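Asks: Have a look at the structure that comes next, please.
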Amino acid sequence: MDEALNEAKVFKEDLYKQLSRIGKCLSSDKRLEIMNLLSQGSKSVEKLAACTAMSIANVSRHLQVLLDAKLVKFSKKGTYAIYSLADPSIVDFLAALWRVCDKQLPDIGKLKQDFLDNLDHIQTLTMDEVQEKLSSESIILLDLRPKEEYESGHISGAISAPIEDLENFIQELPQNSEVVAYCRGPLCVYSALAAQKLQANGFNAYRMEEGLNEWQHHFQ
């Protein structure tokens, strides 16, 4: 019996060591950012470096840690290494992590509120409110993410309007339109910036805090 109990103890310790491999990966804010970006679609090392304002060498080091923990995978496209999340379940894992952090860490709510307080009268719509307006065809829904992320997947009915091109895109919108903007989800504030810009140009504009992944989970 004692031998069986010892084997069970070793088994338990080995399992927790394996779990800690994922935990260690999550200890880096930059690796969390990389994973969030990859949840929007596959990207090259060079693209990840541009999105995170890190050097290619630093991004590569973080990706190696994520590879060792089996959280990401890569394929070759010519001379480029294209990275993606290793499994769709990791998107759900990241969403669960965000919900726990948002609930348990008061600083997150304060950071969000402080940022929004610096913007003038930005209104946020829920996903259900946006869906209702989409169904009645009473809004224009803008996807602010880069074109390649939009092409990888987007909310049905949304129009691609990358944030860096928004200034030009505004000129093409019908006057007096009701517009809702969304981006990469709760960790992205571009939707608030876009709503403010649209309001300044005379549009009845809103933001949606959630992104494609949250939308798909909510309406599945």
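Chain labels A, B, ... are given in the sequence in which chains occur in the structure tokens; within each chain residues are numbered consecutively from 1, and ligands are likewise numbered from 1 in the order shown.
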Tell me which protein, DNA and RNA residues are within 9 Å of Asn36 (chain A), counting only C-alpha atoms, leaving out same-chain ones fewer than 4 positions away, and put them as a list in words.

Replies: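 Within the cut-off, the hits are Arg31, Leu32, Gln40, Val91, Leu94, Arg184 and Leu187 of chain A.
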
Asks: Write the selection just made, keeping N, CA, C and O atoms, as a PDB file, in the first residue's frame?

Replies:
ATOM      1  N   ARG A  31       4.381  37.689 -23.987  1.00  0.00           N
ATOM      2  CA  ARG A  31       3.898  36.425 -24.545  1.00  0.00           C
ATOM      3  C   ARG A  31       2.374  36.392 -24.573  1.00  0.00           C
ATOM      4  O   ARG A  31       1.769  35.861 -25.500  1.00  0.00           O
ATOM      5  N   LEU A  32       1.744  36.988 -23.560  1.00  0.00           N
ATOM      6  CA  LEU A  32       0.285  37.094 -23.575  1.00  0.00           C
ATOM      7  C   LEU A  32      -0.180  37.944 -24.755  1.00  0.00           C
ATOM      8  O   LEU A  32      -1.184  37.634 -25.407  1.00  0.00           O
ATOM      9  N   GLN A  40      -6.237  36.158 -33.362  1.00  0.00           N
ATOM     10  CA  GLN A  40      -6.931  36.848 -34.452  1.00  0.00           C
ATOM     11  C   GLN A  40      -6.566  36.277 -35.822  1.00  0.00           C
ATOM     12  O   GLN A  40      -7.183  36.620 -36.824  1.00  0.00           O
ATOM     13  N   VAL A  91      -7.912  29.696 -27.640  1.00  0.00           N
ATOM     14  CA  VAL A  91      -8.692  30.938 -27.701  1.00  0.00           C
ATOM     15  C   VAL A  91      -9.652  31.004 -26.514  1.00  0.00           C
ATOM     16  O   VAL A  91      -9.784  32.038 -25.860  1.00  0.00           O
ATOM     17  N   LEU A  94      -7.675  31.732 -23.317  1.00  0.00           N
ATOM     18  CA  LEU A  94      -7.322  33.144 -23.178  1.00  0.00           C
ATOM     19  C   LEU A  94      -8.532  33.970 -22.757  1.00  0.00           C
ATOM     20  O   LEU A  94      -8.414  34.892 -21.949  1.00  0.00           O
ATOM     21  N   ARG A 184     -10.085  44.012 -31.785  1.00  0.00           N
ATOM     22  CA  ARG A 184      -9.613  42.679 -31.393  1.00  0.00           C
ATOM     23  C   ARG A 184     -10.220  42.184 -30.080  1.00  0.00           C
ATOM     24  O   ARG A 184      -9.862  41.114 -29.611  1.00  0.00           O
ATOM     25  N   LEU A 187      -9.079  43.725 -24.956  1.00  0.00           N
ATOM     26  CA  LEU A 187      -7.732  44.251 -24.741  1.00  0.00           C
ATOM     27  C   LEU A 187      -7.331  45.290 -25.788  1.00  0.00           C
ATOM     28  O   LEU A 187      -6.195  45.764 -25.795  1.00  0.00           O
TER      29      LEU A 187
END

Asks: Near Cys25 (chain A), counting only C-alpha atoms, which residues have an atom at most 12 Å away, once you skip same-chain residues fewer than 6 positions from it, shown as a VMD selection string?

Replies: chain A and resid 18 to 19 31 to 35 61 to 72

Asks: Output N, CA, C and O atoms of each residue in that selection to a file, as a PDB file, in the first residue's frame.

Replies:
ATOM      1  N   GLN A  18       3.909  19.431 -15.207  1.00  0.00           N
ATOM      2  CA  GLN A  18       3.482  19.656 -16.584  1.00  0.00           C
ATOM      3  C   GLN A  18       2.567  20.879 -16.670  1.00  0.00           C
ATOM      4  O   GLN A  18       2.697  21.703 -17.579  1.00  0.00           O
ATOM      5  N   LEU A  19       1.643  21.006 -15.717  1.00  0.00           N
ATOM      6  CA  LEU A  19       0.755  22.176 -15.712  1.00  0.00           C
ATOM      7  C   LEU A  19       1.547  23.467 -15.567  1.00  0.00           C
ATOM      8  O   LEU A  19       1.196  24.496 -16.156  1.00  0.00           O
ATOM      9  N   ARG A  31       4.381  37.689 -23.987  1.00  0.00           N
ATOM     10  CA  ARG A  31       3.898  36.425 -24.545  1.00  0.00           C
ATOM     11  C   ARG A  31       2.374  36.392 -24.573  1.00  0.00           C
ATOM     12  O   ARG A  31       1.769  35.861 -25.500  1.00  0.00           O
ATOM     13  N   LEU A  32       1.744  36.988 -23.560  1.00  0.00           N
ATOM     14  CA  LEU A  32       0.285  37.094 -23.575  1.00  0.00           C
ATOM     15  C   LEU A  32      -0.180  37.944 -24.755  1.00  0.00           C
ATOM     16  O   LEU A  32      -1.184  37.634 -25.407  1.00  0.00           O
ATOM     17  N   GLU A  33       0.548  39.019 -25.029  1.00  0.00           N
ATOM     18  CA  GLU A  33       0.194  39.871 -26.169  1.00  0.00           C
ATOM     19  C   GLU A  33       0.336  39.112 -27.481  1.00  0.00           C
ATOM     20  O   GLU A  33      -0.517  39.208 -28.378  1.00  0.00           O
ATOM     21  N   ILE A  34       1.414  38.354 -27.612  1.00  0.00           N
ATOM     22  CA  ILE A  34       1.625  37.563 -28.825  1.00  0.00           C
ATOM     23  C   ILE A  34       0.496  36.554 -29.012  1.00  0.00           C
ATOM     24  O   ILE A  34      -0.049  36.396 -30.114  1.00  0.00           O
ATOM     25  N   MET A  35       0.117  35.883 -27.935  1.00  0.00           N
ATOM     26  CA  MET A  35      -0.958  34.906 -28.032  1.00  0.00           C
ATOM     27  C   MET A  35      -2.280  35.562 -28.406  1.00  0.00           C
ATOM     28  O   MET A  35      -3.063  35.014 -29.196  1.00  0.00           O
ATOM     29  N   ARG A  61      12.434  34.763 -29.417  1.00  0.00           N
ATOM     30  CA  ARG A  61      12.687  34.124 -28.128  1.00  0.00           C
ATOM     31  C   ARG A  61      11.377  33.789 -27.408  1.00  0.00           C
ATOM     32  O   ARG A  61      11.221  32.708 -26.830  1.00  0.00           O
ATOM     33  N   HIS A  62      10.436  34.723 -27.443  1.00  0.00           N
ATOM     34  CA  HIS A  62       9.142  34.457 -26.806  1.00  0.00           C
ATOM     35  C   HIS A  62       8.405  33.322 -27.522  1.00  0.00           C
ATOM     36  O   HIS A  62       7.784  32.467 -26.869  1.00  0.00           O
ATOM     37  N   LEU A  63       8.484  33.299 -28.827  1.00  0.00           N
ATOM     38  CA  LEU A  63       7.822  32.239 -29.587  1.00  0.00           C
ATOM     39  C   LEU A  63       8.422  30.870 -29.278  1.00  0.00           C
ATOM     40  O   LEU A  63       7.709  29.863 -29.245  1.00  0.00           O
ATOM     41  N   GLN A  64       9.720  30.831 -29.038  1.00  0.00           N
ATOM     42  CA  GLN A  64      10.354  29.559 -28.697  1.00  0.00           C
ATOM     43  C   GLN A  64       9.824  29.021 -27.373  1.00  0.00           C
ATOM     44  O   GLN A  64       9.583  27.817 -27.221  1.00  0.00           O
ATOM     45  N   VAL A  65       9.621  29.908 -26.398  1.00  0.00           N
ATOM     46  CA  VAL A  65       9.044  29.492 -25.119  1.00  0.00           C
ATOM     47  C   VAL A  65       7.636  28.949 -25.324  1.00  0.00           C
ATOM     48  O   VAL A  65       7.246  27.914 -24.758  1.00  0.00           O
ATOM     49  N   LEU A  66       6.853  29.643 -26.143  1.00  0.00           N
ATOM     50  CA  LEU A  66       5.487  29.198 -26.428  1.00  0.00           C
ATOM     51  C   LEU A  66       5.473  27.880 -27.192  1.00  0.00           C
ATOM     52  O   LEU A  66       4.604  27.029 -26.972  1.00  0.00           O
ATOM     53  N   LEU A  67       6.439  27.703 -28.078  1.00  0.00           N
ATOM     54  CA  LEU A  67       6.565  26.434 -28.807  1.00  0.00           C
ATOM     55  C   LEU A  67       6.882  25.287 -27.852  1.00  0.00           C
ATOM     56  O   LEU A  67       6.311  24.200 -27.959  1.00  0.00           O
ATOM     57  N   ASP A  68       7.803  25.539 -26.924  1.00  0.00           N
ATOM     58  CA  ASP A  68       8.189  24.496 -25.976  1.00  0.00           C
ATOM     59  C   ASP A  68       7.013  24.039 -25.123  1.00  0.00           C
ATOM     60  O   ASP A  68       6.948  22.883 -24.696  1.00  0.00           O
ATOM     61  N   ALA A  69       6.074  24.961 -24.863  1.00  0.00           N
ATOM     62  CA  ALA A  69       4.883  24.633 -24.072  1.00  0.00           C
ATOM     63  C   ALA A  69       3.723  24.162 -24.950  1.00  0.00           C
ATOM     64  O   ALA A  69       2.610  23.955 -24.438  1.00  0.00           O
ATOM     65  N   LYS A  70       3.967  24.006 -26.236  1.00  0.00           N
ATOM     66  CA  LYS A  70       2.950  23.514 -27.179  1.00  0.00           C
ATOM     67  C   LYS A  70       1.749  24.442 -27.301  1.00  0.00           C
ATOM     68  O   LYS A  70       0.631  23.996 -27.592  1.00  0.00           O
ATOM     69  N   LEU A  71       1.960  25.735 -27.075  1.00  0.00           N
ATOM     70  CA  LEU A  71       0.867  26.695 -27.192  1.00  0.00           C
ATOM     71  C   LEU A  71       0.750  27.289 -28.583  1.00  0.00           C
ATOM     72  O   LEU A  71      -0.303  27.795 -28.965  1.00  0.00           O
ATOM     73  N   VAL A  72       1.837  27.273 -29.335  1.00  0.00           N
ATOM     74  CA  VAL A  72       1.818  27.748 -30.720  1.00  0.00           C
ATOM     75  C   VAL A  72       2.463  26.708 -31.619  1.00  0.00           C
ATOM     76  O   VAL A  72       3.138  25.788 -31.149  1.00  0.00           O
TER      77      VAL A  72
END

Asks: Please identify the strand (DSSP E or B) residues within region 50-214 of chain A (assignment by DSSP from backbone atoms) and present them as a CSV table (one decimal) with N, CA and C atoms, in the first residue's frame.

Replies:
chain,number,residue,atom,x,y,z
A,72,VAL,N,1.8,27.3,-29.3
A,72,VAL,CA,1.8,27.7,-30.7
A,72,VAL,C,2.5,26.7,-31.6
A,73,LYS,N,2.2,26.9,-32.9
A,73,LYS,CA,2.9,26.0,-33.9
A,73,LYS,C,3.2,26.9,-35.1
A,74,PHE,N,4.0,26.4,-36.0
A,74,PHE,CA,4.4,27.2,-37.2
A,74,PHE,C,4.5,26.4,-38.4
A,75,SER,N,4.4,27.1,-39.5
A,75,SER,CA,4.6,26.4,-40.8
A,75,SER,C,5.4,27.4,-41.7
A,76,LYS,N,6.0,26.9,-42.7
A,76,LYS,CA,6.9,27.7,-43.6
A,76,LYS,C,6.1,28.1,-44.8
A,77,LYS,N,6.3,29.4,-45.1
A,77,LYS,CA,5.7,30.0,-46.3
A,77,LYS,C,6.8,30.7,-47.0
A,80,TYR,N,9.5,32.6,-44.9
A,80,TYR,CA,8.9,33.1,-43.7
A,80,TYR,C,8.3,31.9,-42.8
A,81,ALA,N,8.4,32.1,-41.5
A,81,ALA,CA,7.8,31.2,-40.6
A,81,ALA,C,6.5,31.8,-40.1
A,82,ILE,N,5.4,31.1,-40.4
A,82,ILE,CA,4.1,31.6,-40.0
A,82,ILE,C,3.6,30.9,-38.8
A,83,TYR,N,3.3,31.7,-37.7
A,83,TYR,CA,2.9,31.2,-36.4
A,83,TYR,C,1.4,31.3,-36.2
A,84,SER,N,0.8,30.3,-35.5
A,84,SER,CA,-0.6,30.3,-35.1
A,84,SER,C,-0.7,29.6,-33.8
A,85,LEU,N,-1.9,29.8,-33.1
A,85,LEU,CA,-2.1,29.0,-31.9
A,85,LEU,C,-2.2,27.5,-32.2
A,124,THR,N,-21.0,52.6,-25.5
A,124,THR,CA,-20.7,51.2,-25.8
A,124,THR,C,-22.0,50.4,-25.9
A,140,ILE,N,-24.0,50.5,-39.7
A,140,ILE,CA,-22.8,50.0,-40.5
A,140,ILE,C,-21.8,49.5,-39.4
A,141,LEU,N,-21.4,48.3,-39.6
A,141,LEU,CA,-20.4,47.7,-38.6
A,141,LEU,C,-19.0,47.7,-39.2
A,142,LEU,N,-18.1,48.3,-38.5
A,142,LEU,CA,-16.7,48.4,-39.0
A,142,LEU,C,-15.8,47.5,-38.2
A,143,ASP,N,-15.0,46.8,-39.0
A,143,ASP,CA,-14.0,45.9,-38.4
A,143,ASP,C,-12.6,46.7,-38.6
A,159,ILE,N,-17.8,45.5,-42.3
A,159,ILE,CA,-17.0,46.0,-43.4
A,159,ILE,C,-15.5,46.2,-42.9
A,160,SER,N,-14.6,45.9,-43.7
A,160,SER,CA,-13.2,46.1,-43.3
A,160,SER,C,-12.8,47.6,-43.4
A,178,GLU,N,-25.5,55.5,-38.9
A,178,GLU,CA,-25.2,55.0,-37.5
A,178,GLU,C,-24.2,53.9,-37.6
A,179,VAL,N,-23.1,54.1,-36.9
A,179,VAL,CA,-21.9,53.3,-37.1
A,179,VAL,C,-21.4,52.7,-35.8
A,180,VAL,N,-21.1,51.4,-35.8
A,180,VAL,CA,-20.5,50.7,-34.7
A,180,VAL,C,-19.1,50.1,-35.1
A,181,ALA,N,-18.1,50.3,-34.2
A,181,ALA,CA,-16.8,49.9,-34.5
A,181,ALA,C,-16.4,48.8,-33.5
A,182,TYR,N,-15.7,47.8,-34.0
A,182,TYR,CA,-15.1,46.8,-33.1
A,182,TYR,C,-13.7,46.5,-33.6
A,204,ASN,N,-23.3,59.2,-35.9
A,204,ASN,CA,-23.9,58.7,-34.7
A,204,ASN,C,-23.1,57.3,-34.5
A,205,ALA,N,-22.0,57.4,-33.7
A,205,ALA,CA,-21.1,56.3,-33.6
A,205,ALA,C,-21.1,55.6,-32.2
A,206,TYR,N,-20.8,54.3,-32.2
A,206,TYR,CA,-20.7,53.6,-31.0
A,206,TYR,C,-19.5,52.7,-31.1
A,207,ARG,N,-19.1,52.1,-29.9
A,207,ARG,CA,-18.1,51.1,-29.9
A,207,ARG,C,-18.7,49.8,-29.4

Asks: Restricting the calculation to only C-alpha atoms, which member of A:Asp14, A:Tyr190, A:Gln175, A:Ser20 is positioned closest to Ile163 (chain A)?

Replies: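 Using only C-alpha atoms, the shortest distance to Ile163 (chain A) belongs to A:Tyr190.
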
Asks: I want to know what sits within 8 Å of Leu193 (chain A), based on only C-alpha atoms, with residues of the same chain fewer than 4 positions away left out; could you give that as an MDAnalysis selection string?

Replies: chainID A and resid 119 189 197

Asks: Could you check the closest approach to Gln123 (chain A) for each of A:Gln199, A:Phe219, A:Glu164, A:Phe11 and tell me which residue wins, using only C-alpha atoms?

Replies: A:Gln199

Asks: Kindly give the distance, in Å, that separates CA of Ala95 (chain A) and CA of Glu210 (chain A), rounded to a single decimal.

Replies: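 Between these atoms lies a distance of 10.7 Å.
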
Asks: Please return as number ranges by chain: the residues of region 67-127 of chain A that backbone DSSP assigns to alpha helix (DSSP H).

Replies: A: 67-68, 89-104, 106-117, 127

Asks: Could you please determine the separation between CA of Gly41 (chain A) and CA of Pro186 (chain A) in Å, to one decimal place?

Replies: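 Separation between CA of Gly41 (chain A) and CA of Pro186 (chain A): 16.6 Å.
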
Asks: What is the distance, in Å and to one decimal place, between CA of Ile90 (chain A) and CA of Ser39 (chain A)?

Replies: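 Distance between the two atoms: 8.2 Å.
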
Asks: Smallest atom-to-atom distance to Lys147 (chain A): which of A:Lys110, A:Lys133, A:Phe93, A:Pro162, using only C-alpha atoms?

Replies: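 Of all the options, A:Pro162 lies closest to Lys147 (chain A).
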
Asks: From the options A:Val59, A:Ala50, A:Cys183, A:Met1, which residue's atoms come nearest to His154 (chain A), counting only C-alpha atoms?

Replies: A:Cys183
